[in-house]
Amino acid sequence: MASLIAIGIGLELYVRLGLDNGMRFDLEMWKYARCLKQVAGHPAIGHEHRPQSSAHLMGVDIRINGHKLRDDDYDYERPADTQRILMLGDSVTFGWGVPIEQTVSKRLERRLRETGRKVDVINTGVGNYNTTMEVAYFLTEGIKYDPQVVVLNYFINDAEPTPTYKPFNFLERYSYAYVWLSGRFDVVSRQLAHQPTWWEYYSGLYESQGWKAAEEAIDQLSSYCHSHGIGLLIVNYPELRQLKPYRFDRVRALLREAAIHNGADYLDLYDVVRNEDESQLWVTRLDPHPNSYAHKLNTDALVVPIQHMLDRYPANKN
C-alpha cells in the first residue's frame with residue numbers, strides 16, 4: 001500500500017511539474033471544464049461558463065464576464081444608434097488558444113468600427129457546444145442583446161450529440177495524473193479496438209441523428225430570425241488537420257444546402273485557407289484549433305459580407 005501511494009504521488013508530481021507546461025491540449029481542456037464551466041440551468045443548453053471566472057489556459061488569459069461570455073461587459077439593452085452582431089459557436093468562436101483581442105469577434109469589431117460604424121460584435125462561443133446548444137442559448141439568452149445580425153459559426157463536430165453531465169469524482173477534479181493517464185489509456189484502447197479514424201468519425205456524424213438535429217436547430221434559428229427581422233449568416237469553418245485533399249466536401253455541401261433552404265446568407269471559409277500550410281494555422285502541433293493567423297484570415301473574409309448585412313438590417317428598423 002505504501003508503495004502504491006508513493007507511485008501515485010510520484011506520478012502526480014511528474015505530470016504537474018514535468019509534463020504540464022501549460023500547452024498540453026488534454027490537460028488544458030480539463031482545466032477549462034473544471035475552472036470555467038458549470039451545468040446550465042436550461043437542459044437544452046447543457047453547460048455554460050461560470051460568471052466572473054478566469055484562468056490562464058493554452059498560453060492565454062481567459063476572463064468570463066458577468067453574462068457568462070468571454071467578452072467585454074455589454075449590457076443587454078442595446079444603444080439605439082448601435083448595431084449588434086451575435087456570434088454563435090463553439091471553441092473555435094470562443095478563441096481557444098488565442099488572445100481575446102486576436103479572435104475573429106474582436107478583429108471584426110475593430111475593422112467595422114474603423115469604417116465609422118457603431119457596432120458591437122458579441123462573442124457567445126463556448127467550448128464543446130454543438131449547433132442545438134448554440135440555438136438553445138440564442139433563444140433563451142442571446143436574444144436579450146437585441147442583435148441585428150446573427151452569425152452561426154459552424155464547425156464539423158457541431159453535429160455531435162449534446163454531452164451528458166455527471167459530477168467530477170475526487171480524482172477527476174484534482175488529479176493531473178489521473179487525467180493524463182485516462183487520455184493515454186483512451187488512445188491505446190482506440191488503437192487496439194480499431195476505432196474509426198478522426199475523419200471517419202467526423203464523416204459518420206452526417207450519417208446519424210446528429211446532423212438531423214443540427215438541421216432542425218438551423219431551421220428553428222432561421223425561422224426566429226426571419227420572423228423578427230434579424231439577418232442570419234451561416235459560416236463554415238474548415239477542419240484544419242488536412243486541407244488537401246479535403247475530406248469533408250460533402251459536409252460543406254450539406255451546410256450550404258441548409259442555408260439556401262432557410263434563406264440565410266452563407267460563407268464557406270475553406271477557400272480562404274485551402275492553399276495554406278496546415279501547420280501554420282494550428283494553435284500547436286497537437287491542437288489544430290485555428291491560431292491567431294487563421295483568425296486573421298477568417299476575419300478578412302468576413303468583413304465585406306457582414307458590412308452588406310449591416311446595411312440591410314439597420315439599428316432602427318422603424
# chains A, B, ... in the order shown; residues from 1 in each chain; ligands from 1

call {"tool": "residues_around", "arguments": {"residues": "stretch 204-219 of chain A", "least_positions_apart": "5", "cutoff": "12 Å", "atoms": "only C-alpha atoms", "output": "PDB file with N, CA and C atoms, in the first residue's frame"}}
result
ATOM      1  N   ALA A  44     -31.401  22.173 -22.433  1.00  0.00           N
ATOM      2  CA  ALA A  44     -31.037  22.157 -23.848  1.00  0.00           C
ATOM      3  C   ALA A  44     -29.711  22.857 -24.104  1.00  0.00           C
ATOM      4  N   LEU A  88     -22.547  33.084 -32.658  1.00  0.00           N
ATOM      5  CA  LEU A  88     -22.809  31.796 -32.028  1.00  0.00           C
ATOM      6  C   LEU A  88     -21.730  30.813 -32.445  1.00  0.00           C
ATOM      7  N   TYR A 129     -19.733  23.209 -27.398  1.00  0.00           N
ATOM      8  CA  TYR A 129     -21.118  23.420 -27.827  1.00  0.00           C
ATOM      9  C   TYR A 129     -21.336  22.755 -29.183  1.00  0.00           C
ATOM     10  N   ASN A 130     -22.570  22.317 -29.428  1.00  0.00           N
ATOM     11  CA  ASN A 130     -22.975  21.906 -30.777  1.00  0.00           C
ATOM     12  C   ASN A 130     -24.047  22.877 -31.259  1.00  0.00           C
ATOM     13  N   THR A 131     -24.549  22.662 -32.458  1.00  0.00           N
ATOM     14  CA  THR A 131     -25.487  23.623 -33.034  1.00  0.00           C
ATOM     15  C   THR A 131     -26.786  23.706 -32.237  1.00  0.00           C
ATOM     16  N   THR A 132     -27.293  22.577 -31.753  1.00  0.00           N
ATOM     17  CA  THR A 132     -28.538  22.616 -30.995  1.00  0.00           C
ATOM     18  C   THR A 132     -28.362  23.398 -29.692  1.00  0.00           C
ATOM     19  N   MET A 133     -27.214  23.284 -29.055  1.00  0.00           N
ATOM     20  CA  MET A 133     -26.941  24.029 -27.827  1.00  0.00           C
ATOM     21  C   MET A 133     -26.803  25.522 -28.117  1.00  0.00           C
ATOM     22  N   GLU A 134     -26.150  25.852 -29.225  1.00  0.00           N
ATOM     23  CA  GLU A 134     -25.971  27.257 -29.601  1.00  0.00           C
ATOM     24  C   GLU A 134     -27.320  27.922 -29.872  1.00  0.00           C
ATOM     25  N   VAL A 135     -28.207  27.217 -30.576  1.00  0.00           N
ATOM     26  CA  VAL A 135     -29.523  27.779 -30.881  1.00  0.00           C
ATOM     27  C   VAL A 135     -30.356  27.898 -29.603  1.00  0.00           C
ATOM     28  N   ALA A 136     -30.261  26.901 -28.723  1.00  0.00           N
ATOM     29  CA  ALA A 136     -30.973  26.988 -27.448  1.00  0.00           C
ATOM     30  C   ALA A 136     -30.478  28.186 -26.640  1.00  0.00           C
ATOM     31  N   TYR A 137     -29.157  28.418 -26.653  1.00  0.00           N
ATOM     32  CA  TYR A 137     -28.620  29.593 -25.967  1.00  0.00           C
ATOM     33  C   TYR A 137     -29.187  30.872 -26.571  1.00  0.00           C
ATOM     34  N   PHE A 138     -29.202  30.945 -27.896  1.00  0.00           N
ATOM     35  CA  PHE A 138     -29.687  32.162 -28.542  1.00  0.00           C
ATOM     36  C   PHE A 138     -31.137  32.460 -28.168  1.00  0.00           C
ATOM     37  N   LEU A 139     -31.971  31.442 -28.187  1.00  0.00           N
ATOM     38  CA  LEU A 139     -33.399  31.647 -27.960  1.00  0.00           C
ATOM     39  C   LEU A 139     -33.728  31.961 -26.503  1.00  0.00           C
ATOM     40  N   VAL A 150     -27.165  37.775 -36.765  1.00  0.00           N
ATOM     41  CA  VAL A 150     -26.682  36.595 -36.046  1.00  0.00           C
ATOM     42  C   VAL A 150     -25.782  35.803 -36.978  1.00  0.00           C
ATOM     43  N   VAL A 151     -24.622  35.423 -36.493  1.00  0.00           N
ATOM     44  CA  VAL A 151     -23.684  34.602 -37.267  1.00  0.00           C
ATOM     45  C   VAL A 151     -23.587  33.238 -36.600  1.00  0.00           C
ATOM     46  N   LEU A 152     -24.018  32.205 -37.318  1.00  0.00           N
ATOM     47  CA  LEU A 152     -23.868  30.833 -36.834  1.00  0.00           C
ATOM     48  C   LEU A 152     -22.539  30.309 -37.370  1.00  0.00           C
ATOM     49  N   ASN A 153     -21.544  30.262 -36.495  1.00  0.00           N
ATOM     50  CA  ASN A 153     -20.204  29.800 -36.874  1.00  0.00           C
ATOM     51  C   ASN A 153     -20.160  28.284 -36.725  1.00  0.00           C
ATOM     52  N   TYR A 154     -20.110  27.579 -37.849  1.00  0.00           N
ATOM     53  CA  TYR A 154     -20.286  26.125 -37.838  1.00  0.00           C
ATOM     54  C   TYR A 154     -18.954  25.414 -38.059  1.00  0.00           C
ATOM     55  N   PHE A 155     -18.683  24.437 -37.163  1.00  0.00           N
ATOM     56  CA  PHE A 155     -17.523  23.561 -37.319  1.00  0.00           C
ATOM     57  C   PHE A 155     -18.021  22.129 -37.449  1.00  0.00           C
ATOM     58  N   ILE A 156     -17.236  21.277 -38.033  1.00  0.00           N
ATOM     59  CA  ILE A 156     -17.702  19.949 -38.435  1.00  0.00           C
ATOM     60  C   ILE A 156     -18.204  19.099 -37.267  1.00  0.00           C
ATOM     61  N   ASN A 157     -17.664  19.298 -36.062  1.00  0.00           N
ATOM     62  CA  ASN A 157     -18.138  18.489 -34.936  1.00  0.00           C
ATOM     63  C   ASN A 157     -19.384  19.072 -34.269  1.00  0.00           C
ATOM     64  N   ASP A 158     -19.968  20.108 -34.865  1.00  0.00           N
ATOM     65  CA  ASP A 158     -21.189  20.684 -34.300  1.00  0.00           C
ATOM     66  C   ASP A 158     -22.413  19.793 -34.518  1.00  0.00           C
ATOM     67  N   ALA A 159     -22.223  18.671 -35.211  1.00  0.00           N
ATOM     68  CA  ALA A 159     -23.291  17.673 -35.342  1.00  0.00           C
ATOM     69  C   ALA A 159     -23.181  16.579 -34.291  1.00  0.00           C
ATOM     70  N   GLU A 160     -22.274  16.732 -33.332  1.00  0.00           N
ATOM     71  CA  GLU A 160     -22.173  15.760 -32.244  1.00  0.00           C
ATOM     72  C   GLU A 160     -23.391  15.865 -31.331  1.00  0.00           C
ATOM     73  N   PRO A 161     -23.730  14.790 -30.614  1.00  0.00           N
ATOM     74  CA  PRO A 161     -24.839  14.869 -29.651  1.00  0.00           C
ATOM     75  C   PRO A 161     -24.473  15.759 -28.478  1.00  0.00           C
ATOM     76  N   THR A 162     -25.479  16.293 -27.820  1.00  0.00           N
ATOM     77  CA  THR A 162     -25.251  17.116 -26.633  1.00  0.00           C
ATOM     78  C   THR A 162     -24.638  16.256 -25.529  1.00  0.00           C
ATOM     79  N   PRO A 163     -23.562  16.733 -24.890  1.00  0.00           N
ATOM     80  CA  PRO A 163     -22.905  15.923 -23.849  1.00  0.00           C
ATOM     81  C   PRO A 163     -23.830  15.648 -22.668  1.00  0.00           C
ATOM     82  N   PRO A 196     -12.716   4.104 -35.306  1.00  0.00           N
ATOM     83  CA  PRO A 196     -12.629   4.930 -36.522  1.00  0.00           C
ATOM     84  C   PRO A 196     -11.557   6.007 -36.405  1.00  0.00           C
ATOM     85  N   THR A 197     -10.948   6.345 -37.540  1.00  0.00           N
ATOM     86  CA  THR A 197     -10.008   7.459 -37.572  1.00  0.00           C
ATOM     87  C   THR A 197     -10.773   8.757 -37.344  1.00  0.00           C
ATOM     88  N   TRP A 198     -10.048   9.844 -37.148  1.00  0.00           N
ATOM     89  CA  TRP A 198     -10.715  11.116 -36.877  1.00  0.00           C
ATOM     90  C   TRP A 198     -11.598  11.529 -38.048  1.00  0.00           C
ATOM     91  N   TRP A 199     -11.163  11.307 -39.279  1.00  0.00           N
ATOM     92  CA  TRP A 199     -12.005  11.720 -40.410  1.00  0.00           C
ATOM     93  C   TRP A 199     -13.206  10.786 -40.598  1.00  0.00           C
ATOM     94  N   TYR A 224     -36.875  31.978 -36.445  1.00  0.00           N
ATOM     95  CA  TYR A 224     -36.931  33.076 -35.485  1.00  0.00           C
ATOM     96  C   TYR A 224     -36.365  34.353 -36.106  1.00  0.00           C
ATOM     97  N   CYS A 225     -35.212  34.253 -36.759  1.00  0.00           N
ATOM     98  CA  CYS A 225     -34.574  35.437 -37.335  1.00  0.00           C
ATOM     99  C   CYS A 225     -35.461  36.085 -38.392  1.00  0.00           C
ATOM    100  N   HIS A 226     -36.037  35.261 -39.263  1.00  0.00           N
ATOM    101  CA  HIS A 226     -36.901  35.810 -40.317  1.00  0.00           C
ATOM    102  C   HIS A 226     -38.119  36.512 -39.721  1.00  0.00           C
ATOM    103  N   LEU A 232     -29.372  36.526 -40.804  1.00  0.00           N
ATOM    104  CA  LEU A 232     -28.688  35.290 -40.403  1.00  0.00           C
ATOM    105  C   LEU A 232     -27.619  34.925 -41.424  1.00  0.00           C
ATOM    106  N   LEU A 233     -26.397  34.786 -40.947  1.00  0.00           N
ATOM    107  CA  LEU A 233     -25.271  34.350 -41.777  1.00  0.00           C
ATOM    108  C   LEU A 233     -24.741  33.043 -41.206  1.00  0.00           C
ATOM    109  N   ILE A 234     -24.660  32.010 -42.043  1.00  0.00           N
ATOM    110  CA  ILE A 234     -24.083  30.726 -41.637  1.00  0.00           C
ATOM    111  C   ILE A 234     -22.686  30.637 -42.231  1.00  0.00           C
ATOM    112  N   PHE A 248     -14.020  16.613 -46.440  1.00  0.00           N
ATOM    113  CA  PHE A 248     -15.370  16.923 -45.978  1.00  0.00           C
ATOM    114  C   PHE A 248     -16.141  17.837 -46.928  1.00  0.00           C
ATOM    115  N   ASP A 249     -15.935  17.643 -48.220  1.00  0.00           N
ATOM    116  CA  ASP A 249     -16.694  18.434 -49.189  1.00  0.00           C
ATOM    117  C   ASP A 249     -18.195  18.162 -49.082  1.00  0.00           C
ATOM    118  N   ARG A 250     -18.553  16.947 -48.717  1.00  0.00           N
ATOM    119  CA  ARG A 250     -19.980  16.631 -48.561  1.00  0.00           C
ATOM    120  C   ARG A 250     -20.589  17.452 -47.426  1.00  0.00           C
ATOM    121  N   VAL A 251     -19.851  17.628 -46.351  1.00  0.00           N
ATOM    122  CA  VAL A 251     -20.347  18.427 -45.234  1.00  0.00           C
ATOM    123  C   VAL A 251     -20.522  19.877 -45.668  1.00  0.00           C
ATOM    124  N   ARG A 252     -19.585  20.390 -46.445  1.00  0.00           N
ATOM    125  CA  ARG A 252     -19.705  21.756 -46.973  1.00  0.00           C
ATOM    126  C   ARG A 252     -20.983  21.882 -47.794  1.00  0.00           C
ATOM    127  N   ALA A 253     -21.251  20.888 -48.614  1.00  0.00           N
ATOM    128  CA  ALA A 253     -22.447  20.929 -49.462  1.00  0.00           C
ATOM    129  C   ALA A 253     -23.725  20.864 -48.633  1.00  0.00           C
ATOM    130  N   LEU A 254     -23.736  20.019 -47.607  1.00  0.00           N
ATOM    131  CA  LEU A 254     -24.920  19.904 -46.757  1.00  0.00           C
ATOM    132  C   LEU A 254     -25.220  21.216 -46.034  1.00  0.00           C
ATOM    133  N   LEU A 255     -24.180  21.866 -45.549  1.00  0.00           N
ATOM    134  CA  LEU A 255     -24.391  23.114 -44.826  1.00  0.00           C
ATOM    135  C   LEU A 255     -24.859  24.214 -45.778  1.00  0.00           C
ATOM    136  N   ARG A 256     -24.292  24.238 -46.962  1.00  0.00           N
ATOM    137  CA  ARG A 256     -24.729  25.230 -47.953  1.00  0.00           C
ATOM    138  C   ARG A 256     -26.192  25.015 -48.322  1.00  0.00           C
ATOM    139  N   GLU A 257     -26.577  23.749 -48.498  1.00  0.00           N
ATOM    140  CA  GLU A 257     -27.978  23.447 -48.813  1.00  0.00           C
ATOM    141  C   GLU A 257     -28.905  23.873 -47.688  1.00  0.00           C
ATOM    142  N   ALA A 258     -28.475  23.684 -46.441  1.00  0.00           N
ATOM    143  CA  ALA A 258     -29.290  24.098 -45.299  1.00  0.00           C
ATOM    144  C   ALA A 258     -29.467  25.613 -45.283  1.00  0.00           C
ATOM    145  N   ALA A 259     -28.401  26.355 -45.629  1.00  0.00           N
ATOM    146  CA  ALA A 259     -28.502  27.811 -45.670  1.00  0.00           C
ATOM    147  C   ALA A 259     -29.453  28.261 -46.777  1.00  0.00           C
ATOM    148  N   ILE A 260     -29.334  27.672 -47.954  1.00  0.00           N
ATOM    149  CA  ILE A 260     -30.208  28.033 -49.078  1.00  0.00           C
ATOM    150  C   ILE A 260     -31.654  27.711 -48.740  1.00  0.00           C
ATOM    151  N   HIS A 261     -31.873  26.527 -48.169  1.00  0.00           N
ATOM    152  CA  HIS A 261     -33.228  26.095 -47.803  1.00  0.00           C
ATOM    153  C   HIS A 261     -33.890  27.088 -46.842  1.00  0.00           C
ATOM    154  N   ASN A 262     -33.088  27.683 -45.965  1.00  0.00           N
ATOM    155  CA  ASN A 262     -33.633  28.591 -44.958  1.00  0.00           C
ATOM    156  C   ASN A 262     -33.524  30.062 -45.342  1.00  0.00           C
ATOM    157  N   GLY A 263     -33.052  30.347 -46.538  1.00  0.00           N
ATOM    158  CA  GLY A 263     -32.941  31.732 -46.966  1.00  0.00           C
ATOM    159  C   GLY A 263     -31.907  32.526 -46.192  1.00  0.00           C
ATOM    160  N   ALA A 264     -30.895  31.840 -45.683  1.00  0.00           N
ATOM    161  CA  ALA A 264     -29.835  32.502 -44.912  1.00  0.00           C
ATOM    162  C   ALA A 264     -28.647  32.805 -45.813  1.00  0.00           C
TER     163      ALA A 264
END

call {"tool": "residues_around", "arguments": {"residues": "A:Lys106", "least_positions_apart": "4", "cutoff": "12 Å", "atoms": "only C-alpha atoms", "output": "PyMOL selection string"}}
result
chain A and resi 70-72+85-87+93-95+98-102+110-113+119-123+292+295-296+299+303

call {"tool": "write_last_selection", "arguments": {"atoms": "C-alpha atoms", "output": "CSV table (one decimal), in the first residue's frame"}}
result
chain,number,residue,atom,x,y,z
A,70,ARG,CA,-15.6,35.6,-23.0
A,71,ASP,CA,-16.1,39.2,-24.0
A,72,ASP,CA,-16.5,42.8,-22.8
A,85,ILE,CA,-23.8,41.1,-34.3
A,86,LEU,CA,-24.2,38.0,-32.2
A,87,MET,CA,-21.5,35.3,-32.8
A,93,THR,CA,-15.6,31.0,-32.0
A,94,PHE,CA,-14.6,31.2,-28.3
A,95,GLY,CA,-11.0,31.6,-29.5
A,98,VAL,CA,-5.9,32.8,-28.9
A,99,PRO,CA,-5.7,36.1,-27.0
A,100,ILE,CA,-9.2,37.7,-27.0
A,101,GLU,CA,-8.1,40.8,-29.0
A,102,GLN,CA,-6.9,38.4,-31.8
A,110,ARG,CA,-12.4,46.7,-34.7
A,111,ARG,CA,-12.5,46.6,-38.5
A,112,LEU,CA,-16.1,47.6,-38.6
A,113,ARG,CA,-15.6,50.4,-36.1
A,119,VAL,CA,-21.3,48.2,-33.8
A,120,ASP,CA,-20.8,45.6,-31.1
A,121,VAL,CA,-19.7,42.1,-32.0
A,122,ILE,CA,-20.6,39.8,-29.1
A,123,ASN,CA,-18.8,36.5,-28.8
A,292,SER,CA,-4.2,34.0,-34.4
A,295,HIS,CA,-8.4,34.1,-37.1
A,296,LYS,CA,-7.0,37.0,-39.1
A,299,THR,CA,-11.8,37.9,-40.3
A,303,VAL,CA,-15.7,41.9,-43.2

call {"tool": "select_by_dssp", "arguments": {"residues": "stretch 37-286 of chain A", "states": "strand (DSSP E or B)", "output": "ChimeraX atom specification"}}
result
/A:37-39,47-49,54-57,60-63,83-88,119-123,149-155,231-237,265-268,282-284

call {"tool": "write_last_selection", "arguments": {"atoms": "N, CA and C atoms", "output": "short mmCIF file (atom, residue, chain, number, x, y, z; two decimals), in the first residue's frame"}}
result
data_model
loop_
_atom_site.label_atom_id
_atom_site.label_comp_id
_atom_site.auth_asym_id
_atom_site.auth_seq_id
_atom_site.Cartn_x
_atom_site.Cartn_y
_atom_site.Cartn_z
N LYS A 37 -16.38 26.23 -16.31
CA LYS A 37 -17.68 25.76 -16.77
C LYS A 37 -18.56 25.31 -15.61
N GLN A 38 -19.87 25.33 -15.87
CA GLN A 38 -20.84 24.81 -14.92
C GLN A 38 -22.02 24.27 -15.72
N VAL A 39 -22.82 23.41 -15.09
CA VAL A 39 -24.02 22.89 -15.75
C VAL A 39 -25.03 24.03 -15.86
N HIS A 47 -24.22 23.04 -20.82
CA HIS A 47 -23.28 23.68 -19.91
C HIS A 47 -23.06 25.12 -20.35
N GLU A 48 -22.44 25.88 -19.48
CA GLU A 48 -22.19 27.30 -19.75
C GLU A 48 -20.96 27.73 -18.97
N HIS A 49 -20.50 28.93 -19.25
CA HIS A 49 -19.39 29.47 -18.47
C HIS A 49 -19.84 29.93 -17.09
N SER A 54 -12.00 33.25 -14.20
CA SER A 54 -10.83 33.50 -15.04
C SER A 54 -9.83 32.37 -14.88
N ALA A 55 -8.98 32.22 -15.88
CA ALA A 55 -7.93 31.19 -15.84
C ALA A 55 -6.91 31.51 -16.93
N HIS A 56 -5.74 30.92 -16.81
CA HIS A 56 -4.71 31.01 -17.85
C HIS A 56 -4.66 29.65 -18.54
N LEU A 57 -5.13 29.57 -19.78
CA LEU A 57 -5.28 28.30 -20.48
C LEU A 57 -4.64 28.37 -21.86
N VAL A 60 -2.88 31.59 -22.85
CA VAL A 60 -3.52 32.90 -22.89
C VAL A 60 -4.43 33.08 -21.68
N ASP A 61 -4.66 34.33 -21.32
CA ASP A 61 -5.56 34.64 -20.22
C ASP A 61 -7.00 34.60 -20.70
N ILE A 62 -7.86 33.96 -19.92
CA ILE A 62 -9.29 33.87 -20.22
C ILE A 62 -10.06 34.53 -19.09
N ARG A 63 -10.95 35.46 -19.44
CA ARG A 63 -11.82 36.09 -18.44
C ARG A 63 -13.26 35.97 -18.90
N GLN A 83 -25.52 49.01 -33.84
CA GLN A 83 -25.90 47.70 -34.38
C GLN A 83 -25.14 46.61 -33.63
N ARG A 84 -25.77 45.46 -33.54
CA ARG A 84 -25.12 44.35 -32.84
C ARG A 84 -25.10 43.10 -33.70
N ILE A 85 -23.96 42.42 -33.62
CA ILE A 85 -23.76 41.14 -34.29
C ILE A 85 -23.52 40.11 -33.19
N LEU A 86 -24.29 39.05 -33.20
CA LEU A 86 -24.15 38.00 -32.19
C LEU A 86 -23.48 36.80 -32.84
N MET A 87 -22.32 36.42 -32.31
CA MET A 87 -21.54 35.30 -32.84
C MET A 87 -21.85 34.04 -32.03
N LEU A 88 -22.55 33.08 -32.66
CA LEU A 88 -22.81 31.80 -32.03
C LEU A 88 -21.73 30.81 -32.45
N VAL A 119 -20.94 49.66 -33.76
CA VAL A 119 -21.31 48.25 -33.80
C VAL A 119 -20.63 47.50 -32.66
N ASP A 120 -21.36 46.56 -32.08
CA ASP A 120 -20.81 45.61 -31.11
C ASP A 120 -20.83 44.23 -31.73
N VAL A 121 -19.73 43.50 -31.61
CA VAL A 121 -19.68 42.10 -32.04
C VAL A 121 -19.53 41.26 -30.78
N ILE A 122 -20.57 40.53 -30.43
CA ILE A 122 -20.64 39.84 -29.15
C ILE A 122 -20.34 38.36 -29.33
N ASN A 123 -19.29 37.90 -28.65
CA ASN A 123 -18.82 36.52 -28.77
C ASN A 123 -19.51 35.63 -27.74
N VAL A 149 -27.84 41.21 -36.56
CA VAL A 149 -27.29 40.12 -37.36
C VAL A 149 -26.83 39.00 -36.42
N VAL A 150 -27.16 37.78 -36.77
CA VAL A 150 -26.68 36.59 -36.05
C VAL A 150 -25.78 35.80 -36.98
N VAL A 151 -24.62 35.42 -36.49
CA VAL A 151 -23.68 34.60 -37.27
C VAL A 151 -23.59 33.24 -36.60
N LEU A 152 -24.02 32.21 -37.32
CA LEU A 152 -23.87 30.83 -36.83
C LEU A 152 -22.54 30.31 -37.37
N ASN A 153 -21.54 30.26 -36.49
CA ASN A 153 -20.20 29.80 -36.87
C ASN A 153 -20.16 28.28 -36.73
N TYR A 154 -20.11 27.58 -37.85
CA TYR A 154 -20.29 26.13 -37.84
C TYR A 154 -18.95 25.41 -38.06
N PHE A 155 -18.68 24.44 -37.16
CA PHE A 155 -17.52 23.56 -37.32
C PHE A 155 -18.02 22.13 -37.45
N GLY A 231 -30.93 39.46 -39.51
CA GLY A 231 -30.13 38.81 -40.55
C GLY A 231 -29.42 37.59 -40.01
N LEU A 232 -29.37 36.53 -40.80
CA LEU A 232 -28.69 35.29 -40.40
C LEU A 232 -27.62 34.92 -41.42
N LEU A 233 -26.40 34.79 -40.95
CA LEU A 233 -25.27 34.35 -41.78
C LEU A 233 -24.74 33.04 -41.21
N ILE A 234 -24.66 32.01 -42.04
CA ILE A 234 -24.08 30.73 -41.64
C ILE A 234 -22.69 30.64 -42.23
N VAL A 235 -21.70 30.40 -41.38
CA VAL A 235 -20.30 30.37 -41.80
C VAL A 235 -19.72 28.99 -41.54
N ASN A 236 -19.14 28.39 -42.55
CA ASN A 236 -18.49 27.09 -42.40
C ASN A 236 -17.00 27.28 -42.12
N TYR A 237 -16.54 26.76 -40.98
CA TYR A 237 -15.12 26.78 -40.63
C TYR A 237 -14.53 25.41 -40.96
N ASP A 265 -27.89 33.83 -45.47
CA ASP A 265 -26.62 34.08 -46.16
C ASP A 265 -25.63 32.97 -45.78
N TYR A 266 -24.66 32.71 -46.67
CA TYR A 266 -23.73 31.61 -46.42
C TYR A 266 -22.33 32.02 -46.83
N LEU A 267 -21.35 31.63 -46.04
CA LEU A 267 -19.94 31.87 -46.34
C LEU A 267 -19.14 30.63 -45.98
N ASP A 268 -18.35 30.14 -46.94
CA ASP A 268 -17.51 28.96 -46.72
C ASP A 268 -16.06 29.42 -46.62
N TRP A 282 -2.41 26.12 -36.90
CA TRP A 282 -2.78 25.45 -35.66
C TRP A 282 -2.27 26.20 -34.42
N VAL A 283 -3.00 26.04 -33.32
CA VAL A 283 -2.53 26.58 -32.04
C VAL A 283 -1.23 25.89 -31.64
N THR A 284 -1.18 24.56 -31.71
CA THR A 284 0.05 23.79 -31.51
C THR A 284 0.00 22.58 -32.44
#

call {"tool": "closest_atom_pairs", "arguments": {"of": "stretch 74-162 of chain A", "to": "stretch 304-315 of chain A", "cutoff": "7 Å", "atoms": "only C-alpha atoms", "output": "Markdown table"}}
result
| residue | atom | partner | partner_atom | distance |
| --- | --- | --- | --- | --- |
| A:Ala80 | CA | A:Ala315 | CA | 6.8 |
| A:Asp81 | CA | A:Ala315 | CA | 6.2 |
| A:Thr82 | CA | A:Ala315 | CA | 6.0 |
| A:Gln83 | CA | A:Ala315 | CA | 5.0 |
| A:Gln148 | CA | A:Tyr313 | CA | 5.8 |

call {"tool": "atom_distance", "arguments": {"atom1": "atom CA of A:Thr124", "atom2": "atom CA of A:Ser105"}}
result
9.6 Å

call {"tool": "residues_around", "arguments": {"residues": "A:Gly8", "least_positions_apart": "2", "cutoff": "12 Å", "atoms": "only C-alpha atoms", "output": "PyMOL selection string"}}
result
chain A and resi 1-6+10-15+171+175-178+181

call {"tool": "select_by_dssp", "arguments": {"residues": "stretch 38-284 of chain A", "states": "alpha helix (DSSP H)", "output": "number ranges by chain"}}
result
A: 91-94, 104-114, 131-140, 170-174, 176-192, 198-204, 209-227, 249-261, 270-273

call {"tool": "residues_around", "arguments": {"residues": "A:Gln52", "least_positions_apart": "5", "cutoff": "6 Å", "atoms": "only C-alpha atoms", "output": "ChimeraX atom specification"}}
result
/A:64-66

call {"tool": "write_last_selection", "arguments": {"atoms": "N, CA and C atoms", "output": "compact mmCIF listing (two decimals), in the first residue's frame"}}
result
# COMPACT_ATOMS: atom_id res chain seq x y z
N ILE A 64 -14.11 35.48 -18.03
CA ILE A 64 -15.53 35.34 -18.32
C ILE A 64 -16.28 36.47 -17.63
N ASN A 65 -17.14 37.16 -18.38
CA ASN A 65 -17.83 38.31 -17.80
C ASN A 65 -19.07 37.90 -16.99
N GLY A 66 -19.81 38.88 -16.50
CA GLY A 66 -20.97 38.60 -15.67
C GLY A 66 -22.11 37.93 -16.39

call {"tool": "residues_around", "arguments": {"residues": "A:Glu278", "least_positions_apart": "5", "cutoff": "9 Å", "atoms": "only C-alpha atoms", "output": "ChimeraX atom specification"}}
result
/A:240-243,273,288

call {"tool": "write_last_selection", "arguments": {"atoms": "C-alpha atoms", "output": "short mmCIF file (atom, residue, chain, number, x, y, z; two decimals), in the first residue's frame"}}
result
data_model
loop_
_atom_site.label_atom_id
_atom_site.label_comp_id
_atom_site.auth_asym_id
_atom_site.auth_seq_id
_atom_site.Cartn_x
_atom_site.Cartn_y
_atom_site.Cartn_z
CA LEU A 240 -7.60 22.25 -40.42
CA ARG A 241 -5.76 18.96 -39.93
CA GLN A 242 -5.67 18.20 -43.65
CA LEU A 243 -6.65 20.73 -46.31
CA VAL A 273 -7.20 28.56 -46.25
CA PRO A 288 -5.44 22.05 -34.63
#
